[in-house]
Each structure stands twice: as structure tokens, then as C-alpha cells.
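Undergrad: You'll find target_33.txt just under this line, and it carries compact mmCIF, C-alpha atoms.
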# COMPACT_ATOMS: atom_id res chain seq x y z
CA MET A 1 12.65 -7.01 -40.72
CA SER A 2 11.65 -4.05 -38.64
CA ALA A 3 10.65 -5.91 -35.51
CA PRO A 4 13.15 -4.33 -33.11
CA ALA A 5 12.02 -0.89 -34.19
CA LEU A 6 8.41 -1.93 -33.75
CA ALA A 7 8.99 -3.36 -30.32
CA GLU A 8 9.96 0.05 -29.09
CA THR A 9 6.55 1.47 -29.81
CA GLU A 10 3.34 0.11 -28.36
CA VAL A 11 2.66 -3.46 -29.40
CA PRO A 12 -0.97 -4.58 -29.43
CA GLN A 13 -1.74 -6.83 -26.47
CA ASN A 14 -2.50 -9.97 -28.43
CA ALA A 15 0.29 -9.72 -30.99
CA VAL A 16 3.41 -11.64 -30.05
CA PRO A 17 6.43 -9.53 -30.92
CA ALA A 18 9.22 -11.40 -32.68
CA ALA A 19 11.92 -9.55 -30.80
CA ILE A 20 12.05 -7.19 -27.91
CA ASP A 21 14.50 -4.38 -27.59
CA LEU A 22 15.42 -4.42 -23.92
CA ARG A 23 17.20 -1.11 -24.15
CA GLY A 24 14.11 0.45 -25.69
CA GLU A 25 11.89 -1.15 -23.06
CA PHE A 26 14.18 0.20 -20.40
CA GLU A 27 13.67 3.69 -21.70
CA THR A 28 9.99 3.67 -22.65
CA SER A 29 8.77 1.97 -19.48
CA GLY A 30 10.12 4.82 -17.38
CA VAL A 31 12.39 2.50 -15.43
CA LYS A 32 15.35 4.46 -16.63
CA ASP A 33 13.91 7.65 -15.17
CA VAL A 34 13.27 6.04 -11.80
CA LEU A 35 16.79 4.65 -11.62
CA ALA A 36 18.33 7.91 -12.76
CA GLU A 37 16.30 9.76 -10.15
CA LEU A 38 17.44 7.27 -7.55
CA ASP A 39 21.05 7.88 -8.53
CA ARG A 40 20.68 11.62 -8.57
CA GLU A 41 18.66 12.17 -5.43
CA LEU A 42 19.90 9.49 -3.10
CA ILE A 43 23.45 9.99 -1.94
CA GLY A 44 25.61 6.98 -1.20
CA LEU A 45 23.79 3.63 -0.78
CA ALA A 46 25.79 2.08 -3.61
CA PRO A 47 24.96 -1.56 -2.73
CA VAL A 48 21.26 -0.72 -2.48
CA LYS A 49 21.25 0.96 -5.85
CA ARG A 50 23.05 -2.01 -7.34
CA ARG A 51 20.46 -4.41 -5.95
CA ILE A 52 17.60 -2.30 -7.25
CA ARG A 53 19.22 -2.14 -10.66
CA GLU A 54 19.54 -5.93 -10.69
CA THR A 55 15.96 -6.36 -9.60
CA ALA A 56 14.79 -3.96 -12.28
CA ALA A 57 16.72 -5.91 -14.91
CA LEU A 58 15.16 -9.17 -13.77
CA LEU A 59 11.69 -7.69 -13.87
CA LEU A 60 12.23 -6.21 -17.31
CA VAL A 61 13.37 -9.54 -18.66
CA GLU A 62 10.44 -11.32 -17.00
CA ARG A 63 8.08 -8.86 -18.59
CA ALA A 64 9.65 -9.31 -21.99
CA ARG A 65 9.33 -13.08 -21.63
CA ARG A 66 5.70 -12.74 -20.73
CA ARG A 67 5.00 -10.62 -23.77
CA MET A 68 6.68 -13.17 -26.02
CA GLY A 69 4.62 -15.96 -24.56
CA LEU A 70 7.56 -17.75 -22.95
CA ALA A 71 7.11 -19.65 -19.74
CA HIS A 72 7.08 -17.25 -16.85
CA GLU A 73 5.68 -16.99 -13.41
CA THR A 74 5.07 -13.89 -11.37
CA PRO A 75 8.32 -13.46 -9.51
CA THR A 76 8.15 -13.14 -5.75
CA LEU A 77 8.63 -9.49 -5.09
CA HIS A 78 8.36 -9.30 -1.33
CA MET A 79 11.47 -7.72 0.12
CA SER A 80 13.17 -7.01 3.36
CA PHE A 81 15.16 -3.84 3.96
CA THR A 82 17.59 -4.03 6.83
CA GLY A 83 19.75 -1.26 8.13
CA ASN A 84 20.26 1.22 10.91
CA PRO A 85 17.80 4.05 11.49
CA GLY A 86 17.92 6.93 9.06
CA THR A 87 19.59 5.02 6.22
CA GLY A 88 16.80 5.71 3.75
CA LYS A 89 14.67 2.56 3.93
CA THR A 90 11.34 4.36 3.65
CA THR A 91 12.58 6.63 0.89
CA VAL A 92 13.80 3.69 -1.14
CA ALA A 93 10.53 1.83 -0.51
CA LEU A 94 8.68 4.75 -2.05
CA ARG A 95 10.91 4.61 -5.11
CA MET A 96 10.47 0.85 -5.26
CA ALA A 97 6.69 1.25 -5.36
CA ASP A 98 7.07 3.66 -8.25
CA LEU A 99 9.45 1.31 -10.04
CA LEU A 100 7.16 -1.71 -9.68
CA HIS A 101 4.24 0.36 -10.87
CA ARG A 102 6.06 1.44 -14.01
CA LEU A 103 7.04 -2.13 -14.75
CA GLY A 104 3.43 -3.18 -14.32
CA TYR A 105 3.97 -5.46 -11.34
CA VAL A 106 1.66 -3.48 -9.09
CA ARG A 107 -1.40 -1.79 -10.48
CA LYS A 108 -1.51 1.46 -8.51
CA GLY A 109 1.96 2.02 -7.11
CA HIS A 110 1.01 3.63 -3.81
CA LEU A 111 2.88 2.96 -0.59
CA VAL A 112 1.09 2.17 2.64
CA SER A 113 3.49 2.52 5.54
CA VAL A 114 2.51 0.83 8.79
CA THR A 115 3.96 -0.35 12.08
CA ARG A 116 2.84 -2.95 14.59
CA ASP A 117 0.14 -0.68 16.01
CA ASP A 118 -1.67 -0.51 12.70
CA LEU A 119 -1.81 -4.27 12.28
CA VAL A 120 -2.23 -5.74 15.72
CA GLY A 121 -5.39 -5.26 17.74
CA GLN A 122 -5.86 -4.80 21.44
CA TYR A 123 -8.29 -7.53 22.27
CA ILE A 124 -9.36 -10.92 20.95
CA GLY A 125 -10.94 -10.65 17.53
CA HIS A 126 -9.61 -7.18 16.88
CA THR A 127 -6.46 -8.15 15.01
CA ALA A 128 -7.83 -9.96 11.98
CA PRO A 129 -10.15 -7.18 10.79
CA LYS A 130 -7.48 -4.58 11.49
CA THR A 131 -4.81 -6.42 9.52
CA LYS A 132 -7.23 -7.12 6.68
CA GLU A 133 -8.25 -3.48 6.54
CA ILE A 134 -4.61 -2.45 6.08
CA LEU A 135 -4.00 -5.18 3.53
CA LYS A 136 -7.01 -4.05 1.53
CA LYS A 137 -5.79 -0.50 1.60
CA ALA A 138 -2.39 -1.61 0.33
CA MET A 139 -3.69 -3.77 -2.50
CA GLY A 140 -2.49 -2.69 -5.88
CA GLY A 141 0.51 -1.11 -4.20
CA VAL A 142 3.23 -1.73 -1.68
CA LEU A 143 2.79 -2.44 2.01
CA PHE A 144 5.76 -1.20 4.01
CA ILE A 145 6.01 -2.62 7.52
CA ASP A 146 8.49 -0.66 9.55
CA GLU A 147 10.22 -2.39 12.46
CA ALA A 148 8.53 -5.60 11.46
CA TYR A 149 10.12 -7.64 14.27
CA TYR A 150 7.78 -6.04 16.78
CA LEU A 151 5.05 -8.17 15.22
CA TYR A 152 6.54 -11.20 16.87
CA ARG A 153 6.90 -11.19 20.65
CA PRO A 154 8.25 -14.54 21.77
CA GLU A 155 8.03 -13.62 25.45
CA ASN A 156 4.24 -13.50 25.28
CA GLU A 157 2.70 -16.55 23.70
CA ARG A 158 -0.76 -15.00 23.66
CA ASP A 159 0.45 -11.96 21.79
CA TYR A 160 -1.89 -11.04 18.94
CA GLY A 161 1.07 -10.32 16.67
CA GLN A 162 1.16 -13.97 15.68
CA GLU A 163 -2.34 -13.68 14.27
CA ALA A 164 -1.33 -10.69 12.16
CA ILE A 165 1.70 -12.63 10.92
CA GLU A 166 -0.47 -15.54 9.83
CA ILE A 167 -2.86 -13.34 7.87
CA LEU A 168 0.07 -11.51 6.29
CA LEU A 169 1.74 -14.74 5.23
CA GLN A 170 -1.46 -16.03 3.73
CA VAL A 171 -2.03 -12.92 1.64
CA MET A 172 1.65 -12.71 0.67
CA GLU A 173 1.40 -16.21 -0.71
CA ASN A 174 -2.04 -16.21 -2.31
CA GLN A 175 -2.25 -12.69 -3.66
CA ARG A 176 1.20 -12.11 -4.98
CA ASP A 177 -0.25 -10.26 -7.96
CA ASP A 178 -2.15 -7.85 -5.79
CA LEU A 179 0.41 -6.57 -3.38
CA VAL A 180 4.08 -6.42 -2.53
CA VAL A 181 5.18 -6.47 1.10
CA ILE A 182 8.39 -4.81 2.25
CA LEU A 183 9.58 -5.51 5.78
CA ALA A 184 12.06 -3.12 7.30
CA GLY A 185 14.10 -2.89 10.47
CA TYR A 186 17.48 -3.16 12.13
CA ALA A 187 19.59 -5.94 10.70
CA GLN A 188 20.19 -8.00 13.83
CA ARG A 189 16.65 -7.97 15.09
CA MET A 190 15.30 -8.74 11.62
CA ASP A 191 17.59 -11.76 11.47
CA ARG A 192 16.20 -13.02 14.73
CA PHE A 193 12.69 -12.32 13.49
CA PHE A 194 13.28 -14.39 10.37
CA GLU A 195 14.80 -17.21 12.37
CA SER A 196 11.70 -17.55 14.48
CA ASN A 197 9.35 -17.08 11.51
CA PRO A 198 10.75 -19.24 8.74
CA GLY A 199 7.57 -18.66 6.76
CA PHE A 200 8.60 -15.09 6.18
CA ARG A 201 12.14 -15.87 5.19
CA SER A 202 11.07 -18.29 2.47
CA ARG A 203 8.46 -15.91 1.07
CA ILE A 204 10.84 -13.02 0.74
CA ALA A 205 13.04 -13.08 -2.30
CA HIS A 206 15.04 -9.91 -1.94
CA HIS A 207 17.02 -9.03 1.13
CA ILE A 208 18.58 -5.62 0.79
CA ASP A 209 21.02 -4.32 3.36
CA PHE A 210 21.35 -0.58 3.88
CA PRO A 211 24.86 0.46 4.95
CA ASP A 212 25.53 3.42 7.23
CA TYR A 213 26.47 6.66 5.53
CA SER A 214 30.03 7.90 5.66
CA ASP A 215 30.74 11.35 7.11
CA ASP A 216 31.30 12.72 3.67
CA GLU A 217 27.98 11.40 2.41
CA LEU A 218 26.16 12.81 5.40
CA LEU A 219 27.60 16.23 4.67
CA ARG A 220 26.36 16.02 1.10
CA ILE A 221 22.97 14.91 2.39
CA ALA A 222 22.90 17.90 4.72
CA GLU A 223 23.65 20.22 1.85
CA GLN A 224 20.97 18.64 -0.29
CA MET A 225 18.38 18.88 2.49
CA LEU A 226 19.15 22.56 2.95
CA ASP A 227 19.06 23.14 -0.75
CA GLN A 228 15.56 21.68 -0.94
CA GLN A 229 14.46 24.20 1.68
CA ASN A 230 16.28 27.07 -0.03
CA TYR A 231 18.93 27.38 2.62
CA LEU A 232 22.69 27.13 2.28
CA PHE A 233 25.84 26.86 4.40
CA ASP A 234 28.54 29.48 4.23
CA THR A 235 32.10 28.11 4.02
CA LYS A 236 32.73 28.11 7.75
CA ALA A 237 29.42 26.42 8.40
CA THR A 238 30.36 23.59 6.05
CA THR A 239 33.46 22.86 8.08
CA ALA A 240 31.48 23.16 11.30
CA MET A 241 28.91 20.72 9.96
CA ALA A 242 31.60 18.20 9.01
CA ASP A 243 32.94 18.51 12.54
CA TYR A 244 29.44 18.15 13.95
CA ILE A 245 28.83 14.94 12.00
CA ALA A 246 32.06 13.36 13.25
CA ARG A 247 31.19 14.23 16.86
CA ARG A 248 27.54 13.27 16.57
CA ARG A 249 28.39 9.85 15.21
CA ALA A 250 30.40 9.04 18.33
CA GLN A 251 27.42 9.80 20.54
CA PRO A 252 24.56 7.46 21.33
CA HIS A 253 21.26 7.39 19.39
CA PHE A 254 22.94 8.36 16.17
CA ALA A 255 20.40 7.89 13.39
CA ASN A 256 22.29 8.75 10.21
CA ALA A 257 20.34 11.07 7.92
CA ARG A 258 17.57 11.52 10.47
CA SER A 259 20.04 12.95 13.00
CA ILE A 260 21.24 15.29 10.31
CA ARG A 261 17.73 16.43 9.53
CA ASN A 262 17.07 17.14 13.20
CA ALA A 263 20.36 18.99 13.53
CA LEU A 264 19.47 21.14 10.56
CA ASP A 265 16.04 21.88 12.00
CA ARG A 266 17.68 23.08 15.17
CA ALA A 267 20.24 25.08 13.21
CA ARG A 268 17.44 26.84 11.38
CA LEU A 269 15.84 27.64 14.70
CA ARG A 270 19.08 29.16 15.96
CA GLN A 271 19.57 31.06 12.74
CA ALA A 272 16.09 32.55 13.07
CA ASN A 273 16.81 33.57 16.65
CA ARG A 274 20.16 35.04 15.69
CA LEU A 275 18.63 37.09 12.89
CA PHE A 276 15.82 38.20 15.14
CA GLU A 277 18.10 39.38 17.87
CA SER A 278 20.99 40.81 15.89
CA ALA A 279 19.39 42.29 12.79
CA LYS A 280 19.53 46.06 12.73
CA GLY A 281 18.16 46.88 9.33
CA PRO A 282 16.25 45.11 6.58
CA LEU A 283 17.54 41.63 5.66
CA ASP A 284 18.04 40.36 2.13
CA ALA A 285 17.22 36.89 0.86
CA LYS A 286 20.83 35.82 1.24
CA ALA A 287 20.92 36.65 4.94
CA LEU A 288 17.62 34.84 5.46
CA SER A 289 18.84 31.69 3.83
CA THR A 290 22.43 31.43 5.06
CA ILE A 291 23.26 29.13 7.93
CA SER A 292 26.52 30.22 9.48
CA ALA A 293 29.00 28.35 11.65
CA GLU A 294 27.71 29.73 14.94
CA ASP A 295 24.25 28.26 14.27
CA ILE A 296 25.84 24.84 14.26
CA THR A 297 28.55 25.16 16.86
CA ALA A 298 25.95 26.28 19.42
CA SER A 299 24.75 22.67 19.45
CA ARG A 300 25.16 20.69 22.63
CA VAL A 301 27.09 18.11 20.65
CA PHE A 302 30.06 20.48 20.79
CA ALA A 303 29.74 20.97 24.51
CA ARG A 304 31.00 17.48 25.28
CA LYS A 305 33.99 15.59 24.23
CA PRO A 306 33.20 12.91 21.67
CA GLY A 307 31.86 9.71 23.20
CA GLU A 308 30.67 11.27 26.42
CA GLY A 309 27.09 11.00 27.70
CA GLU A 310 23.70 11.57 26.11
CA SER A 311 23.21 14.27 23.54
CA LYS A 312 19.57 15.17 24.14
CA MET B 1 -36.82 -17.55 -12.98
CA ARG B 2 -33.74 -15.37 -13.30
CA ILE B 3 -34.03 -12.33 -11.11
CA THR B 4 -33.22 -9.07 -12.82
CA GLN B 5 -32.26 -6.35 -10.41
CA GLY B 6 -29.62 -3.68 -10.71
CA ALA B 7 -27.30 -3.22 -13.65
CA PHE B 8 -26.16 -5.97 -16.04
CA SER B 9 -28.82 -8.41 -14.84
CA PHE B 10 -30.07 -9.15 -18.36
CA LEU B 11 -26.55 -10.13 -19.37
CA PRO B 12 -24.93 -13.46 -18.65
CA ASP B 13 -23.31 -13.56 -15.21
CA LEU B 14 -20.21 -11.41 -15.04
CA THR B 15 -16.91 -13.23 -14.85
CA HIS B 16 -14.37 -12.59 -12.14
CA ASP B 17 -12.38 -10.22 -14.34
CA GLN B 18 -15.48 -8.38 -15.50
CA ILE B 19 -16.57 -7.81 -11.91
CA ARG B 20 -13.11 -6.56 -11.07
CA ALA B 21 -13.15 -4.15 -14.00
CA GLN B 22 -16.55 -2.77 -13.00
CA VAL B 23 -15.46 -2.37 -9.40
CA GLN B 24 -12.28 -0.62 -10.49
CA TYR B 25 -14.40 1.75 -12.57
CA CYS B 26 -16.45 2.58 -9.47
CA ILE B 27 -13.35 3.14 -7.36
CA ASP B 28 -11.78 5.33 -10.03
CA ASN B 29 -14.92 7.47 -9.86
CA LYS B 30 -14.35 7.79 -6.11
CA TRP B 31 -17.43 5.81 -5.23
CA ALA B 32 -17.31 3.69 -2.09
CA VAL B 33 -17.91 0.07 -2.95
CA SER B 34 -19.41 -2.46 -0.61
CA LEU B 35 -21.04 -5.87 -0.65
CA GLU B 36 -24.55 -6.81 0.38
CA PHE B 37 -26.26 -10.17 0.49
CA THR B 38 -29.76 -11.48 1.01
CA ASP B 39 -31.94 -14.53 0.68
CA GLU B 40 -35.08 -12.44 0.29
CA PRO B 41 -35.04 -11.41 -3.34
CA HIS B 42 -38.33 -9.52 -3.46
CA PRO B 43 -37.85 -6.50 -5.75
CA ARG B 44 -39.10 -4.12 -3.09
CA ASN B 45 -36.64 -5.44 -0.52
CA THR B 46 -34.02 -2.72 -0.76
CA TYR B 47 -32.43 -3.40 2.60
CA TRP B 48 -29.99 -6.24 2.11
CA ASP B 49 -27.53 -7.31 4.78
CA MET B 50 -24.15 -5.61 4.66
CA TRP B 51 -20.96 -7.60 4.33
CA GLY B 52 -18.38 -5.65 6.31
CA HIS B 53 -18.02 -1.92 5.92
CA PRO B 54 -18.18 0.13 2.76
CA MET B 55 -14.64 0.62 1.44
CA PHE B 56 -13.96 4.30 1.16
CA ASP B 57 -10.20 4.33 0.81
CA ASN B 58 -9.01 1.27 -1.06
CA PRO B 59 -7.51 2.33 -4.36
CA ASP B 60 -7.59 -1.11 -5.93
CA ALA B 61 -10.42 -3.50 -6.77
CA ALA B 62 -8.44 -6.45 -5.41
CA ALA B 63 -9.63 -5.51 -1.92
CA LEU B 64 -13.27 -5.91 -2.84
CA MET B 65 -12.57 -9.11 -4.75
CA MET B 66 -10.96 -10.55 -1.64
CA GLU B 67 -14.05 -9.69 0.37
CA LEU B 68 -16.27 -11.10 -2.35
CA ASN B 69 -14.45 -14.40 -2.20
CA ALA B 70 -14.79 -14.45 1.57
CA CYS B 71 -18.49 -13.61 1.30
CA ARG B 72 -19.07 -16.31 -1.31
CA LYS B 73 -17.50 -18.86 0.98
CA ILE B 74 -20.16 -18.23 3.60
CA TYR B 75 -23.14 -16.96 1.62
CA GLY B 76 -22.44 -18.54 -1.74
CA ASP B 77 -25.99 -19.87 -1.85
CA ARG B 78 -27.58 -16.43 -1.66
CA TYR B 79 -27.75 -13.26 -3.69
CA ILE B 80 -24.72 -11.01 -3.36
CA ARG B 81 -24.50 -7.59 -4.95
CA VAL B 82 -21.87 -4.90 -5.30
CA VAL B 83 -23.08 -1.48 -4.30
CA ALA B 84 -21.22 1.68 -5.30
CA PHE B 85 -22.05 4.71 -3.22
CA ASP B 86 -21.27 8.24 -4.35
CA SER B 87 -20.63 10.37 -1.30
CA SER B 88 -20.18 13.65 -3.17
CA HIS B 89 -22.40 16.51 -2.13
CA GLY B 90 -25.79 16.51 -3.79
CA TRP B 91 -25.64 12.83 -4.72
CA GLU B 92 -25.04 10.96 -1.48
CA SER B 93 -26.68 7.88 -2.89
CA VAL B 94 -26.04 4.63 -4.69
CA LYS B 95 -24.79 5.20 -8.22
CA LEU B 96 -24.46 1.62 -9.34
CA SER B 97 -25.39 -1.76 -8.03
CA PHE B 98 -25.22 -5.16 -9.65
CA ILE B 99 -25.69 -8.76 -8.64
CA VAL B 100 -22.48 -10.80 -8.57
CA ASN B 101 -23.71 -14.05 -7.06
CA ARG B 102 -27.01 -15.94 -7.28
CA PRO B 103 -28.33 -19.17 -5.86
CA ALA B 104 -27.97 -22.22 -8.07
CA GLU B 105 -31.73 -22.43 -8.37
CA GLU B 106 -34.02 -19.43 -8.46
CA PRO B 107 -37.59 -20.60 -8.02
CA GLY B 108 -39.14 -17.23 -8.86
CA TYR B 109 -42.39 -15.64 -7.66
CA ARG B 110 -45.95 -16.62 -7.14
CA LEU B 111 -48.61 -14.11 -8.16
CA ASP B 112 -51.44 -13.93 -5.63
CA ARG B 113 -54.80 -12.42 -6.48
CA GLN B 114 -56.89 -11.16 -3.64
CA GLU B 115 -60.56 -10.50 -4.28
CA ALA B 116 -61.47 -7.26 -2.58
CA ALA B 117 -64.63 -5.21 -2.26
CA GLY B 118 -66.71 -5.08 -5.41
CA ARG B 119 -64.95 -6.76 -8.28
CA MET B 120 -61.56 -5.26 -7.34
CA ILE B 121 -58.53 -7.52 -7.49
CA ARG B 122 -55.36 -6.85 -5.52
CA TYR B 123 -52.19 -8.41 -6.82
CA THR B 124 -49.16 -9.33 -4.81
CA THR B 125 -45.97 -11.22 -5.63
CA ARG B 126 -44.35 -13.57 -3.19
CA PRO B 127 -40.99 -15.30 -3.72
CA TYR B 128 -41.37 -19.07 -3.48
CA ALA B 129 -38.09 -19.04 -1.59
CA ALA B 130 -39.65 -16.93 1.16
CA ASP B 131 -41.91 -19.84 2.14
CA ARG B 132 -38.99 -21.34 3.99
CA PRO B 133 -37.46 -19.64 7.02
CA ALA B 134 -34.66 -17.14 6.55
CA GLY B 135 -31.26 -18.80 6.28
CA ALA B 136 -32.70 -22.06 4.87
CA ARG B 137 -34.15 -20.74 1.65
CA TYR B 138 -31.60 -21.86 -0.87
CA GLY B 139 -29.62 -25.06 -0.97
Using C-alpha cells, write down the structure from this file.

TA:
Amino acid sequence: MSAPALAETEVPQNAVPAAIDLRGEFETSGVKDVLAELDRELIGLAPVKRRIRETAALLLVERARRRMGLAHETPTLHMSFTGNPGTGKTTVALRMADLLHRLGYVRKGHLVSVTRDDLVGQYIGHTAPKTKEILKKAMGGVLFIDEAYYLYRPENERDYGQEAIEILLQVMENQRDDLVVILAGYAQRMDRFFESNPGFRSRIAHHIDFPDYSDDELLRIAEQMLDQQNYLFDTKATTAMADYIARRRAQPHFANARSIRNALDRARLRQANRLFESAKGPLDAKALSTISAEDITASRVFARKPGEGESK
Amino acid sequence: MRITQGAFSFLPDLTHDQIRAQVQYCIDNKWAVSLEFTDEPHPRNTYWDMWGHPMFDNPDAAALMMELNACRKIYGDRYIRVVAFDSSHGWESVKLSFIVNRPAEEPGYRLDRQEAAGRMIRYTTRPYAADRPAGARYG
């Protein structure tokens, strides 16, 4: 019987395959590529990757069951991503949209990223059309609501956020095939948000927690970010950056990878200034793309002792 | 009398999935889809009422289907059509339109003959439904 071999290739829609090769499915559906990309390009985030892998496995099995005509129901795919700022929630949401698209759980696989302002109106009767407009735009893809807890403002009982929440819940329940909603935000405030909106909690199947990056991971992220822009650290700069990360973390408003990105932007600015002021002759590509230690140590973060005052 | 306007009107009514597939085809061609409804089905009545705005940037047909369901809830006893508008330069006009909802009963048209000067006859068609006031024509 050659069924397993057959299952790897395209099976006509109406034929019920006798067996399904999960490994083959894993490879042909492109899920493997998405997961490999996730592993390669996202540094750290081990628990998140594990959860995504598990979810992917579940969805693959569900899909196989559906193709074999076994009892199945569309799994609830709405998720919540909790974690501190700059831990990669939006990036992972983008990958998630791609993953769900390849598995056939969303038809288009685009990501619509919104915040409270995009959903909630400013006067009576403004909210419902606004929320519906966004929902329509997100259909066939993933709706990513950043800082979702702002939707609910308990201190103001006439707040229009409640209306947006009701419409969202209704669509999340009735049109599960059409769109996947991902809520994101800081862990504590999301918990409070779910407590006061039990409807959301019960409609969300996957809660994924994003841990903070370690210093080492942040350094690797910094190097990767620079690499993408065709820049690099020299050896001294690498040490300076490691030092910078340790100091920056102790200061307020630390936003993980986002702080790193901003620091790098400023380092590039300083590097440009340094080259501009000190260059005597023509510069080669290496000089133009090397960030040296002084570009980093000029940061105000080094001016204070760790833990002291604002950094901005 | 079954009214035949727009595409597919000689076919049996499209099912939900067929409508969705047609709408998706329109969207994939970058046409803006929208819904219009009327209770005045005269063939020369091209100006139907709009249901919401045309949808220029929804990549999936589910959005229109949601609006269609909402429209059917309120105007389920009238004619509803999907209109696909091509905004590309040089076209800027409707590329496809088809009826997706009709009244349960379509009484059809009366043909009026008017005797004019000499032995001339002027013909005009008048929907029976239009005898009743707008809003109370069907059901």
C-alpha cells in the first residue's frame, strides 16, 4: 500500500486519504520553514517558541483529522501575548499570522495591528462603525490589539471601550473561521483586564507569556540588528555594548529590544558625526560600517551610576 | 416575474458560498465591492440605495458577507445587489454587479399603452410593486 507516500503529495479534496504522514505534512505545508525561521531569526524566547511549536502540532493534527473525515471542530485560535515592552510580541504575531495562513486556518494571513484609538470612537455612535471597519479589514487574517487593556476603563462607566469590547467578543465567537484575534500587553494589566472581562478570558485559548531577554541575548539581538543594516561592532564596541546593556537595564523605562534598537540608532548618529568631523581622507566601506566603542560610551547611560535617575 | 438584472440573473439564486467566491474574485481583481438595495426594481432605476461605504481595503470576502447578513436582516424583503467598482484609471466604473437577494414575491411589470397623436402608441412599463409607497412594497 502506497498511501503514506501518496499523502505527501496533493490529495484531491474529496478523496479521503487512508493515512496521513504528519512529518510529510509538516514539511510540505511550509510550517517547518516558519518554525525554522522563527528559531533562526528570533533570539531567546524559548518558552514562546515552545508554545508556538505545540500550537502548530495541534493545528497540524486537527487538519489531518479534518482531511480524514474524523470529528473535528475549528479550534479556538484567539491568543493573548503578555510580556514587557520590547519582548517581540508584534514580531511573533506577524509570524503567527504567516503560520496560521500556511496551515489554512486563516485565508489571507495578513496582520492588522491596532490600538484603542483605532477601535474606540469619540462620540456616541462612532465606536461601532469604527470597530466594524477594523474587523472587516482584518478578516481573513489576524487582528493584533496592542495594549488591549486600554479598551476597558473601569473608572468611567460611560467609556465607549465597552462597546468595542462587545462587538469584538461577538465577532470572535461567531466568526471564528474568518479571523483570529491576538491581544497583547503587559502581564499584570492584562490579568486585571481579563478578570474584569471574563468573556475574553473564556474565548482565548492560548495565553503566551514573553519573558524578558537576558543581557547576553540582548547583545546578540544588537549584533543581529546591526548586521541587518550592514553595520558591525569592533571588539571594543562589543564589550562597551555589553556594559551598556547591563547599565541600561538598571535604569527606568527599560524596554528590552526596543531600548537596544534606540541605542543603536543613536550610536549610528554618533558614528556619522565622528566620521564627519574626524575623517581626513576618503573612507572605505569598513570605516563606514564599523561602530566603535566611543560611539556607545558617549551615551548618557554611562554618565550616571547604575540605578540613578532618568535616562532621557 | 423573476427580475433579470446584472450578472447571473438567469441562473438559480447564488448560494452563500457562491456569492463569497464571486466577491473574492472581485476583491482579488482589486475592485471595491459594496452593497446596494432598493424596492424600486425598474430596469432604468440605476440609483439604488447604498448600504454603508464601498470597501476599498478589505482583503477578504468575509467582510462583505458580514455586511450582507446585516443588510438582509433589515432589508431582507427587498432587492440587494453586490456592486464591484474598478477604480483603475480609464475604467472608473462598475465592472460587475449581481443581485444577491430578492423579495419572496416579485409581481413583475404592467405594460401601459398610451395613445398619442395620430395612431402612435407610446409604451411604458411600471412595476406593480411601485403602486404602493416606498418602504411598504414587499412583504

Undergrad: Kindly determine which residues of chain A lie within 10 Å of chain B, considering only C-alpha atoms, and give the answer as a PyMOL selection string.

TA: chain A and resi 107-110+129+132-141+171+175+177-179

Undergrad: Can you work out which one of B:Met50, B:Leu96, B:Ala84, B:Ile74 has the shortest atom-to-atom distance to Lys30 of chain B, counting only C-alpha atoms?

TA: B:Ala84

Undergrad: Extract, using only C-alpha atoms, all DNA, RNA and protein residues at most 9 Å from segment 118-122 of chain A, discarding same-chain residues fewer than 4 positions from it, and format them as a ChimeraX atom specification.

TA: /A:114,126-134,151,160-164

Undergrad: Near Ala97 of chain A, within 9 Å and counting all atoms listed in the file, which residues show up once chain neighbours fewer than 3 positions away are dropped, as a list in words?

TA: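 Listed by chain and then number, they are Val92, Ala93, Leu94, Leu100, His101, Arg102, Val106, Lys108, Gly109, His110, Leu111, Gly141, Val142 and Val180 of chain A.
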
Undergrad: Can you work out the spacing between atom CA of Pro75 of chain A and atom CA of Asp39 of chain A in Å, to one decimal?

TA: 24.9 Å

Undergrad: Give me, please, the distance in Å between atom CA of Leu35 of chain A and atom CA of His206 of chain A, quoted to one decimal.

TA: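 Taking atom CA of Leu35 of chain A as the start and atom CA of His206 of chain A as the end point, the length is 17.6 Å.
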